[in-house]
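Everything below belongs to data06.txt, which stores compact mmCIF, C-alpha atoms.
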# COMPACT_ATOMS: atom_id res chain seq x y z
CA MET A 1 21.11 54.42 40.84
CA ALA A 2 24.04 52.12 40.26
CA LEU A 3 26.85 52.45 42.77
CA SER A 4 30.44 52.96 41.78
CA THR A 5 32.37 50.27 43.63
CA SER A 6 35.47 48.18 43.09
CA ALA A 7 37.61 45.66 44.89
CA ASP A 8 39.61 48.55 46.33
CA THR A 9 36.60 50.66 47.30
CA PRO A 10 33.84 48.26 48.51
CA ILE A 11 30.86 49.30 50.55
CA PRO A 12 29.88 47.68 53.85
CA VAL A 13 27.12 45.10 54.17
CA GLY A 14 25.06 47.47 56.23
CA GLU A 15 25.16 50.06 53.49
CA VAL A 16 24.03 47.50 50.92
CA SER A 17 21.20 46.41 53.19
CA ARG A 18 20.19 50.05 53.75
CA LEU A 19 20.10 50.73 50.02
CA ILE A 20 18.03 47.61 49.33
CA GLY A 21 15.61 48.72 52.03
CA GLY A 22 15.28 52.07 50.35
CA TRP A 23 14.53 50.49 46.99
CA VAL A 24 11.94 48.15 48.56
CA ASP A 25 10.20 51.07 50.28
CA ARG A 26 9.63 52.71 46.92
CA LEU A 27 7.39 49.82 45.78
CA GLY A 28 4.55 50.79 48.07
CA ALA A 29 1.62 48.61 49.16
CA VAL A 30 0.29 46.04 46.67
CA TRP A 31 -2.51 43.47 46.43
CA VAL A 32 -1.05 39.95 46.34
CA GLU A 33 -2.73 36.58 45.71
CA GLY A 34 -1.34 33.21 46.78
CA GLN A 35 -1.80 30.09 48.85
CA ILE A 36 -1.01 29.84 52.54
CA THR A 37 1.53 27.05 53.06
CA GLN A 38 2.68 27.72 56.62
CA LEU A 39 0.80 29.43 59.40
CA SER A 40 2.22 30.31 62.82
CA ARG A 41 -0.08 31.74 65.52
CA ARG A 42 1.89 31.70 68.73
CA PRO A 43 -0.24 32.03 71.85
CA GLY A 44 0.00 35.50 73.32
CA ALA A 45 1.95 36.88 70.37
CA GLY A 46 0.60 39.97 68.71
CA VAL A 47 1.98 39.06 65.29
CA VAL A 48 0.97 36.16 63.00
CA PHE A 49 3.54 34.66 60.65
CA LEU A 50 2.61 32.89 57.46
CA THR A 51 4.16 31.88 54.13
CA LEU A 52 2.40 32.83 50.91
CA ARG A 53 3.19 30.69 47.87
CA ASP A 54 2.44 30.94 44.15
CA PRO A 55 0.80 27.54 43.40
CA SER A 56 1.88 27.67 39.75
CA HIS A 57 5.54 28.43 40.45
CA ASP A 58 8.04 27.48 43.10
CA VAL A 59 8.06 30.96 44.66
CA SER A 60 7.23 31.81 48.27
CA ILE A 61 7.46 34.89 50.46
CA SER A 62 7.06 35.48 54.18
CA VAL A 63 4.10 37.53 55.40
CA THR A 64 3.47 39.08 58.80
CA CYS A 65 0.36 40.75 60.13
CA PHE A 66 -1.08 41.82 63.41
CA ARG A 67 -3.26 39.28 65.19
CA ALA A 68 -6.23 41.62 64.92
CA VAL A 69 -5.92 41.55 61.10
CA PHE A 70 -5.76 37.76 60.95
CA ASP A 71 -8.48 37.14 63.55
CA GLN A 72 -11.03 38.64 61.18
CA ILE A 73 -10.65 35.68 58.80
CA ALA A 74 -9.19 33.03 61.14
CA ASP A 75 -12.37 30.95 61.06
CA VAL A 76 -12.36 30.51 57.26
CA VAL A 77 -8.65 30.54 56.44
CA GLY A 78 -6.04 27.88 57.15
CA GLU A 79 -3.08 26.24 55.54
CA GLY A 80 -3.76 25.53 51.86
CA ALA A 81 -6.33 28.33 51.53
CA ARG A 82 -6.21 30.84 48.72
CA VAL A 83 -6.14 34.45 49.92
CA VAL A 84 -5.75 37.96 48.57
CA LEU A 85 -3.97 40.38 50.88
CA PHE A 86 -3.02 44.03 50.86
CA ALA A 87 0.56 44.34 52.04
CA LYS A 88 3.62 46.51 51.91
CA PRO A 89 7.05 44.97 51.19
CA GLU A 90 9.48 45.35 54.07
CA TRP A 91 13.19 44.77 54.23
CA TYR A 92 14.64 43.63 57.54
CA GLY A 93 18.17 44.98 57.33
CA PRO A 94 19.91 43.13 60.21
CA ARG A 95 19.12 39.74 58.64
CA GLY A 96 18.75 40.77 55.01
CA GLN A 97 15.22 39.35 54.79
CA LEU A 98 12.32 40.45 52.58
CA SER A 99 8.75 40.04 53.80
CA LEU A 100 5.30 41.49 53.37
CA ARG A 101 3.43 43.37 56.11
CA ALA A 102 -0.27 42.64 55.53
CA THR A 103 -2.92 45.10 56.63
CA GLU A 104 -5.91 43.32 55.07
CA ILE A 105 -6.53 39.66 54.21
CA ARG A 106 -9.45 38.39 52.13
CA PRO A 107 -10.20 34.73 51.46
CA VAL A 108 -10.80 33.80 47.83
CA GLY A 109 -14.32 32.39 47.67
CA VAL A 110 -15.46 29.41 45.62
CA GLY A 111 -17.49 31.62 43.30
CA GLU A 112 -14.49 33.79 42.55
CA LEU A 113 -12.31 30.71 41.98
CA LEU A 114 -14.85 29.27 39.57
CA ALA A 115 -15.07 32.57 37.70
CA ARG A 116 -11.29 32.66 37.32
CA LEU A 117 -11.27 29.05 36.15
CA GLU A 118 -13.95 29.85 33.57
CA GLN A 119 -11.90 32.77 32.28
CA LEU A 120 -8.79 30.56 32.07
CA LYS A 121 -10.85 27.88 30.34
CA ARG A 122 -11.98 30.31 27.64
CA SER A 123 -8.44 31.58 27.16
CA LEU A 124 -6.96 28.06 26.75
CA ALA A 125 -9.83 26.97 24.49
CA ALA A 126 -9.14 29.95 22.23
CA GLU A 127 -5.58 28.66 21.85
CA GLY A 128 -6.94 25.31 20.66
CA LEU A 129 -5.64 23.24 23.59
CA PHE A 130 -9.04 21.54 24.02
CA ALA A 131 -9.66 20.85 20.32
CA LEU A 132 -10.87 17.35 19.48
CA ASP A 133 -8.42 16.93 16.62
CA ARG A 134 -5.58 17.07 19.16
CA LYS A 135 -6.87 14.00 20.99
CA ARG A 136 -4.66 10.95 20.46
CA PRO A 137 -6.08 7.39 20.51
CA LEU A 138 -5.04 5.13 23.34
CA PRO A 139 -3.04 1.99 22.54
CA PHE A 140 -5.12 -1.19 22.47
CA LEU A 141 -2.82 -3.06 24.85
CA PRO A 142 -0.31 -0.81 26.65
CA GLN A 143 2.77 -2.68 27.82
CA CYS A 144 3.67 -0.06 30.42
CA ILE A 145 1.36 2.51 32.06
CA GLY A 146 2.58 5.63 33.80
CA LEU A 147 0.54 6.49 36.90
CA VAL A 148 0.71 9.87 38.65
CA THR A 149 -1.20 9.82 41.94
CA GLY A 150 -0.97 10.33 45.67
CA ARG A 151 1.09 7.97 47.81
CA ALA A 152 -0.89 5.02 49.24
CA SER A 153 -4.11 6.63 48.04
CA ALA A 154 -7.39 4.94 47.20
CA ALA A 155 -7.00 6.17 43.61
CA GLU A 156 -3.65 4.37 43.27
CA ARG A 157 -5.10 1.17 44.71
CA ASP A 158 -8.16 1.30 42.45
CA VAL A 159 -6.11 1.78 39.28
CA LEU A 160 -3.51 -0.90 40.09
CA GLU A 161 -5.97 -3.54 41.31
CA ASN A 162 -8.51 -3.12 38.53
CA ALA A 163 -5.89 -2.98 35.79
CA ARG A 164 -4.15 -6.14 36.99
CA LEU A 165 -7.46 -7.95 37.41
CA ARG A 166 -8.27 -7.17 33.80
CA TRP A 167 -4.79 -7.86 32.37
CA PRO A 168 -2.36 -9.45 34.85
CA ALA A 169 0.71 -8.90 32.65
CA VAL A 170 0.45 -5.10 32.59
CA CYS A 171 3.24 -3.15 34.29
CA PHE A 172 3.19 0.31 35.87
CA GLU A 173 5.59 3.19 36.36
CA VAL A 174 4.12 4.89 39.46
CA ARG A 175 5.02 8.41 40.50
CA ASN A 176 3.68 9.35 43.93
CA VAL A 177 3.18 13.09 44.26
CA PRO A 178 1.16 15.50 46.40
CA VAL A 179 -2.29 15.86 44.87
CA GLN A 180 -3.30 18.98 46.78
CA GLY A 181 -1.57 21.84 48.49
CA ALA A 182 1.26 24.09 47.49
CA GLN A 183 3.57 21.38 46.14
CA ALA A 184 0.96 19.61 44.02
CA VAL A 185 1.30 21.50 40.72
CA PRO A 186 5.12 21.45 40.31
CA ARG A 187 5.40 17.83 41.46
CA VAL A 188 2.62 16.61 39.15
CA VAL A 189 4.10 18.55 36.21
CA GLU A 190 7.55 17.08 36.93
CA ALA A 191 6.14 13.53 37.09
CA VAL A 192 4.18 13.93 33.85
CA ARG A 193 7.20 15.26 31.98
CA GLU A 194 9.41 12.48 33.34
CA LEU A 195 6.99 9.75 32.26
CA ASP A 196 6.44 11.37 28.87
CA ALA A 197 10.20 11.27 28.27
CA ARG A 198 10.33 7.48 28.85
CA PRO A 199 9.80 5.65 25.52
CA GLU A 200 8.54 2.46 27.19
CA VAL A 201 5.53 4.28 28.73
CA ASP A 202 2.56 3.88 26.37
CA VAL A 203 -0.05 5.91 28.27
CA ILE A 204 -0.12 8.15 31.36
CA ILE A 205 -2.92 8.19 33.95
CA ILE A 206 -3.28 11.14 36.34
CA ALA A 207 -5.55 9.96 39.14
CA ARG A 208 -6.96 11.47 42.32
CA GLY A 209 -9.98 10.80 44.49
CA GLY A 210 -12.81 13.23 45.03
CA GLY A 211 -12.61 16.45 47.01
CA SER A 212 -13.76 20.02 47.26
CA VAL A 213 -13.24 22.64 44.60
CA GLU A 214 -10.23 23.97 46.49
CA ASP A 215 -8.72 20.47 46.75
CA LEU A 216 -8.98 19.94 42.99
CA LEU A 217 -7.59 23.36 42.03
CA PRO A 218 -4.09 22.03 41.19
CA PHE A 219 -5.62 20.02 38.34
CA SER A 220 -7.00 23.20 36.78
CA ASP A 221 -3.68 25.02 36.96
CA GLU A 222 -2.50 26.57 33.68
CA GLN A 223 1.03 25.20 34.06
CA LEU A 224 -0.24 21.62 34.39
CA VAL A 225 -2.69 22.03 31.51
CA ARG A 226 0.07 23.24 29.18
CA ALA A 227 2.40 20.45 30.31
CA VAL A 228 -0.22 17.82 29.43
CA ALA A 229 -0.94 19.51 26.10
CA ALA A 230 2.76 19.28 25.24
CA CYS A 231 2.97 15.53 25.95
CA THR A 232 3.60 13.13 23.09
CA THR A 233 2.24 10.22 25.15
CA PRO A 234 -1.57 9.87 25.46
CA VAL A 235 -2.82 11.16 28.83
CA VAL A 236 -5.90 9.96 30.74
CA SER A 237 -7.48 12.22 33.36
CA ALA A 238 -9.12 10.44 36.31
CA ILE A 239 -9.72 13.23 38.81
CA GLY A 240 -12.43 13.06 41.42
CA HIS A 241 -15.87 11.69 40.66
CA GLU A 242 -18.33 12.06 37.80
CA PRO A 243 -19.51 15.63 38.66
CA ASP A 244 -15.97 16.96 39.07
CA SER A 245 -14.57 18.58 35.93
CA PRO A 246 -11.13 20.21 36.28
CA LEU A 247 -9.47 21.72 33.23
CA LEU A 248 -7.21 18.66 33.05
CA ASP A 249 -10.24 16.68 31.81
CA LEU A 250 -10.54 18.98 28.79
CA VAL A 251 -6.91 18.85 27.68
CA ALA A 252 -6.39 15.12 28.32
CA ASP A 253 -6.79 12.65 25.48
CA LEU A 254 -9.40 10.72 27.50
CA ARG A 255 -11.46 11.69 30.50
CA ALA A 256 -12.36 8.89 32.94
CA SER A 257 -15.12 9.44 35.49
CA THR A 258 -13.16 7.73 38.30
CA PRO A 259 -9.76 6.06 38.78
CA THR A 260 -11.50 2.68 38.49
CA ASP A 261 -13.04 3.76 35.18
CA ALA A 262 -9.58 4.82 33.99
CA ALA A 263 -8.21 1.32 34.59
CA LYS A 264 -11.12 -0.18 32.66
CA ARG A 265 -10.75 2.25 29.76
CA VAL A 266 -6.98 1.83 29.41
CA VAL A 267 -6.51 -1.93 29.88
CA PRO A 268 -8.61 -4.55 28.04
CA ASP A 269 -10.18 -7.39 29.99
CA VAL A 270 -8.33 -10.65 29.34
CA GLY A 271 -11.50 -12.71 29.80
CA GLU A 272 -13.46 -10.57 27.36
CA GLU A 273 -10.62 -10.70 24.84
CA LEU A 274 -10.39 -14.51 25.10
CA THR A 275 -14.15 -14.75 24.60
CA ARG A 276 -13.92 -12.39 21.62
CA VAL A 277 -11.08 -14.46 20.14
CA GLU A 278 -13.13 -17.64 20.63
CA HIS A 279 -16.17 -16.08 18.95
CA LEU A 280 -14.04 -14.85 16.08
CA GLY A 281 -12.54 -18.33 15.70
CA GLN A 282 -15.99 -19.89 15.56
CA ARG A 283 -17.14 -17.28 13.07
CA ALA A 284 -14.08 -17.88 10.89
CA LEU A 285 -14.71 -21.64 11.04
CA ARG A 286 -18.32 -21.15 9.94
CA VAL A 287 -17.26 -18.90 7.08
CA VAL A 288 -14.58 -21.32 5.86
CA THR A 289 -16.90 -24.32 6.22
CA GLY A 290 -19.64 -22.54 4.26
CA LEU A 291 -17.13 -21.59 1.57
CA LEU A 292 -15.89 -25.17 1.27
CA ASP A 293 -19.45 -26.54 1.14
CA ARG A 294 -20.40 -24.07 -1.60
CA GLU A 295 -17.33 -24.93 -3.64
CA GLN A 296 -17.96 -28.66 -3.15
CA ARG A 297 -21.50 -28.29 -4.44
CA GLY A 298 -20.22 -26.37 -7.45
CA LEU A 299 -17.62 -29.07 -8.11
CA ASP A 300 -20.20 -31.85 -7.84
CA ALA A 301 -22.50 -30.00 -10.27
CA ALA A 302 -19.63 -29.55 -12.73
CA LEU A 303 -18.64 -33.23 -12.52
CA SER A 304 -22.20 -34.32 -13.17
CA ARG A 305 -22.33 -32.62 -16.60
CA PRO A 306 -22.03 -34.85 -19.75
CA SER A 307 -18.93 -33.01 -20.88
CA MET A 308 -17.18 -34.04 -17.69
CA ALA A 309 -18.66 -37.56 -17.62
CA ARG A 310 -17.50 -38.32 -21.25
CA PRO A 311 -14.97 -35.62 -22.13
CA HIS A 312 -13.84 -37.47 -25.32
CA THR A 313 -17.30 -37.04 -26.92
CA MET A 314 -16.71 -33.35 -27.49
CA VAL A 315 -13.26 -34.07 -28.95
CA GLU A 316 -14.64 -36.72 -31.30
CA GLN A 317 -17.36 -34.37 -32.53
CA ARG A 318 -14.86 -31.66 -33.13
CA GLU A 319 -12.55 -34.15 -34.90
CA GLU A 320 -15.22 -34.95 -37.53
CA GLN A 321 -15.80 -31.24 -38.11
CA VAL A 322 -12.04 -30.65 -38.46
CA ASP A 323 -11.74 -33.51 -41.02
CA ALA A 324 -14.66 -32.13 -43.06
CA LEU A 325 -13.20 -28.64 -43.02
CA LEU A 326 -9.76 -29.98 -43.98
CA GLU A 327 -11.18 -31.90 -46.97
CA ARG A 328 -13.19 -28.88 -48.05
CA SER A 329 -10.10 -26.68 -47.86
CA ARG A 330 -8.13 -29.16 -49.95
CA ARG A 331 -10.82 -29.23 -52.68
CA THR A 332 -10.99 -25.48 -52.70
CA LEU A 333 -7.20 -25.19 -52.94
CA ARG A 334 -7.03 -27.73 -55.80
CA HIS A 335 -9.76 -25.88 -57.66
CA LEU A 336 -7.94 -22.59 -57.23
CA LEU A 337 -4.64 -24.12 -58.38
CA ASP A 338 -6.27 -25.71 -61.45
CA ARG A 339 -7.92 -22.47 -62.44
CA ALA A 340 -4.70 -20.53 -61.93
CA ASP A 341 -2.78 -23.11 -64.02
CA GLY A 342 -5.29 -22.78 -66.89
CA GLU A 343 -5.06 -19.00 -66.79
CA LEU A 344 -1.26 -19.24 -66.78
CA GLU A 345 -1.22 -21.55 -69.84
CA HIS A 346 -3.60 -19.30 -71.71
CA THR A 347 -1.52 -16.23 -70.91
CA ARG A 348 1.67 -18.06 -71.93
CA ALA A 349 0.14 -19.05 -75.29
CA ARG A 350 -0.86 -15.47 -75.97
CA VAL A 351 2.58 -14.21 -75.05
CA VAL A 352 4.25 -16.79 -77.33
CA ALA A 353 1.91 -15.99 -80.21
CA LEU A 354 2.48 -12.28 -79.92
CA SER A 355 6.25 -12.44 -79.32
CA PRO A 356 8.74 -11.21 -82.05
CA ALA A 357 10.38 -14.65 -82.07
CA ALA A 358 7.14 -16.25 -83.28
CA THR A 359 6.88 -13.68 -86.06
CA LEU A 360 10.43 -14.46 -87.15
CA GLN A 361 9.57 -18.18 -87.22
CA ARG A 362 6.92 -17.47 -89.82
CA GLY A 363 9.59 -16.09 -92.25
CA TYR A 364 9.74 -12.45 -91.37
CA ALA A 365 13.00 -10.52 -90.84
CA VAL A 366 13.99 -7.40 -88.92
CA LEU A 367 16.31 -4.84 -90.59
CA GLN A 368 18.56 -2.76 -88.31
CA ARG A 369 21.09 -0.03 -88.96
CA GLU A 370 24.58 0.04 -87.51
CA ASP A 371 23.37 1.86 -84.44
CA GLY A 372 20.75 -0.86 -83.81
CA SER A 373 17.71 1.13 -84.79
CA VAL A 374 14.97 -0.77 -86.61
CA VAL A 375 13.99 0.13 -90.19
CA ARG A 376 10.24 0.63 -90.31
CA GLY A 377 9.76 2.13 -93.78
CA PRO A 378 11.52 2.36 -97.19
CA ASP A 379 11.98 6.04 -96.84
CA GLU A 380 14.28 5.42 -93.88
CA VAL A 381 17.08 3.82 -95.98
CA ALA A 382 19.26 4.99 -98.88
CA ALA A 383 20.85 3.19 -101.88
CA ASP A 384 24.01 1.21 -101.16
CA GLU A 385 23.35 1.48 -97.38
CA GLU A 386 24.41 -1.60 -95.43
CA LEU A 387 21.87 -3.04 -92.98
CA ARG A 388 21.74 -5.95 -90.58
CA ALA A 389 18.98 -8.50 -91.21
CA ARG A 390 17.77 -10.59 -88.28
CA VAL A 391 15.84 -13.82 -88.99
CA ALA A 392 14.70 -16.79 -86.91
CA GLY A 393 17.97 -18.65 -87.49
CA GLY A 394 20.36 -15.73 -86.83
CA ALA A 395 21.50 -12.50 -88.56
CA PHE A 396 23.42 -11.44 -91.71
CA ARG A 397 24.31 -8.22 -93.49
CA VAL A 398 22.51 -6.92 -96.58
CA LYS A 399 23.06 -3.93 -98.87
CA VAL A 400 20.40 -1.79 -100.48
CA ALA A 401 20.93 -2.49 -104.25
CA GLY A 402 18.99 0.26 -105.86
CA PRO A 403 16.79 3.19 -105.25
CA VAL A 404 14.04 2.78 -102.71
CA VAL A 405 10.62 2.23 -104.21
CA PRO A 406 7.80 3.63 -102.07
CA PRO A 407 4.81 1.39 -101.56
CA ALA A 408 1.90 1.65 -103.94

If you took the structure in this file and wrote it as structure tokens, what would it be?
Amino acid sequence: MALSTSADTPIPVGEVSRLIGGWVDRLGAVWVEGQITQLSRRPGAGVVFLTLRDPSHDVSISVTCFRAVFDQIADVVGEGARVVLFAKPEWYGPRGQLSLRATEIRPVGVGELLARLEQLKRSLAAEGLFALDRKRPLPFLPQCIGLVTGRASAAERDVLENARLRWPAVCFEVRNVPVQGAQAVPRVVEAVRELDARPEVDVIIIARGGGSVEDLLPFSDEQLVRAVAACTTPVVSAIGHEPDSPLLDLVADLRASTPTDAAKRVVPDVGEELTRVEHLGQRALRVVTGLLDREQRGLDAALSRPSMARPHTMVEQREEQVDALLERSRRTLRHLLDRADGELEHTRARVVALSPAATLQRGYAVLQREDGSVVRGPDEVAADEELRARVAGGAFRVKVAGPVVPPA
């Protein structure tokens, strides 16, 4: 229950410690798993002190047990070992310290560790962290390589020496971290994230030499696997030897069998590249030479043809054909014009012969009334009616003198 306190009514430290102890006692005994990081077995002492740490998180707790409890597993358990213990939380009031009082300690065997790793592997695979479509290609020639490995280790030496032998200009950003033990996972995760945040780092290599299953456990830790999966920089796993297969190999973009193999897979060999460039140059020269030879042969064959030897012959032949066609077109045009002129004259003669003016020239006249209408018959006029007579030479007025006589 929450206490009702204030600045005017505080409670003593001893009371606070007593209350915390009461709350801790309510938890009861629990089974706890962790890694032993510190172990103190003082000669003659009846109590063994050790520190139990969560290898995936930076959390530790003190553990005490009677020597008789620890002696049962003393031959198989030491610092760095994974254990499962049955303990009851205890609160030491005078110093305000929380610890666990263990009554049973069991070492975690290799078979159990492998079973847990297999279960974790299936869980992460179901999330898609090991999918092939997540793998990123490595750069052909990385300018800067991030290396996460143990300090002054054989793995560091193998990667640096082999990479610089293959490409002397390559540079490294090395992060030396613990590669086994309680501090391995957080330090490796921190180094990977730091290198991934640097834009000049083109690829990251995580390298470690061989070891037992327990030694390589940090590289199968879920926290490290998720940190590598979240990287935007390609990651190469070079852990142990060929038979070793931590979960880091599955999530990395490339798995190298050894640190030396990682250097060979990440950095091209300058000698091989120079040889390849030389071969490509020779191949390009052969291709260009063959192309030029083929074109030269085609040009020679074209120049040897009669049309190229005497190009004016074709023009002269075509000139005669053009002259003949031109003369033919002229004759045809003259014939068409003559025929059209004859047809025009004939039509003109017919028009002249049939025109009213020609009729008037032969002595005929046209009688019109005042309104201009033409008189076509005697029954259309009356006596004493004035008409207008039109002849070839002009027009004059006439008057009907007598009654109209119809034609016989």

How many Å lie between atom CA of Asp215 of chain A and atom CA of Leu147 of chain A, rounded to one decimal?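 Separation between atom CA of Asp215 of chain A and atom CA of Leu147 of chain A: 19.4 Å.
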
Selected residue of minimal separation from Cys171 of chain A among A:Asp158, A:Asp202, A:Ser355, A:Gly402, counting all atoms listed in the file: A:Asp202

Excluding segment 269-284 of chain A and any residue of its chain fewer than 3 positions from it, enumerate the residues within 6 Å of it, using only C-alpha atoms, and give them as a compact mmCIF listing (two decimals) with C-alpha atoms, keeping the file's coordinate frame.
# COMPACT_ATOMS: atom_id res chain seq x y z
CA ARG A 166 -8.27 -7.17 33.80
CA TRP A 167 -4.79 -7.86 32.37
CA VAL A 287 -17.26 -18.90 7.08

To one decimal place, how far is atom CA of Asp384 of chain A from atom CA of Val400 of chain A in Å? 4.7 Å

In Å to one decimal, how far is atom CA of Ile105 of chain A from atom CA of Val69 of chain A?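 It comes out at 7.2 Å.
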
Which residues come within 9 Å of segment 45-61 of chain A, counting only C-alpha atoms, excluding same-chain residues fewer than 3 positions away, as a PyMOL selection string? chain A and resi 33-42+64-70+79+83+98-100+181-186+218+221-224

Which neighbours of Arg226 of chain A fall inside 12 Å, counting all atoms listed in the file, when residues of the same chain fewer than 3 positions from it are skipped, and could you give them as number ranges by chain? A: 56, 120-121, 124-125, 127-130, 185, 189, 192-193, 219-223, 229-231, 247-248, 250-252

When you count only C-alpha atoms, which of these residues is closest to Val203 of chain A: A:Arg136, A:Arg310, A:Arg164, A:Arg388?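 When distances to Val203 of chain A are compared using only C-alpha atoms, the smallest one comes from A:Arg136.
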
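Taking all atoms listed in the file into account, Ala238 of chain A lies nearest to A:Val148 out of the set A:Val148, A:Leu132, A:Ala302, A:Val13.
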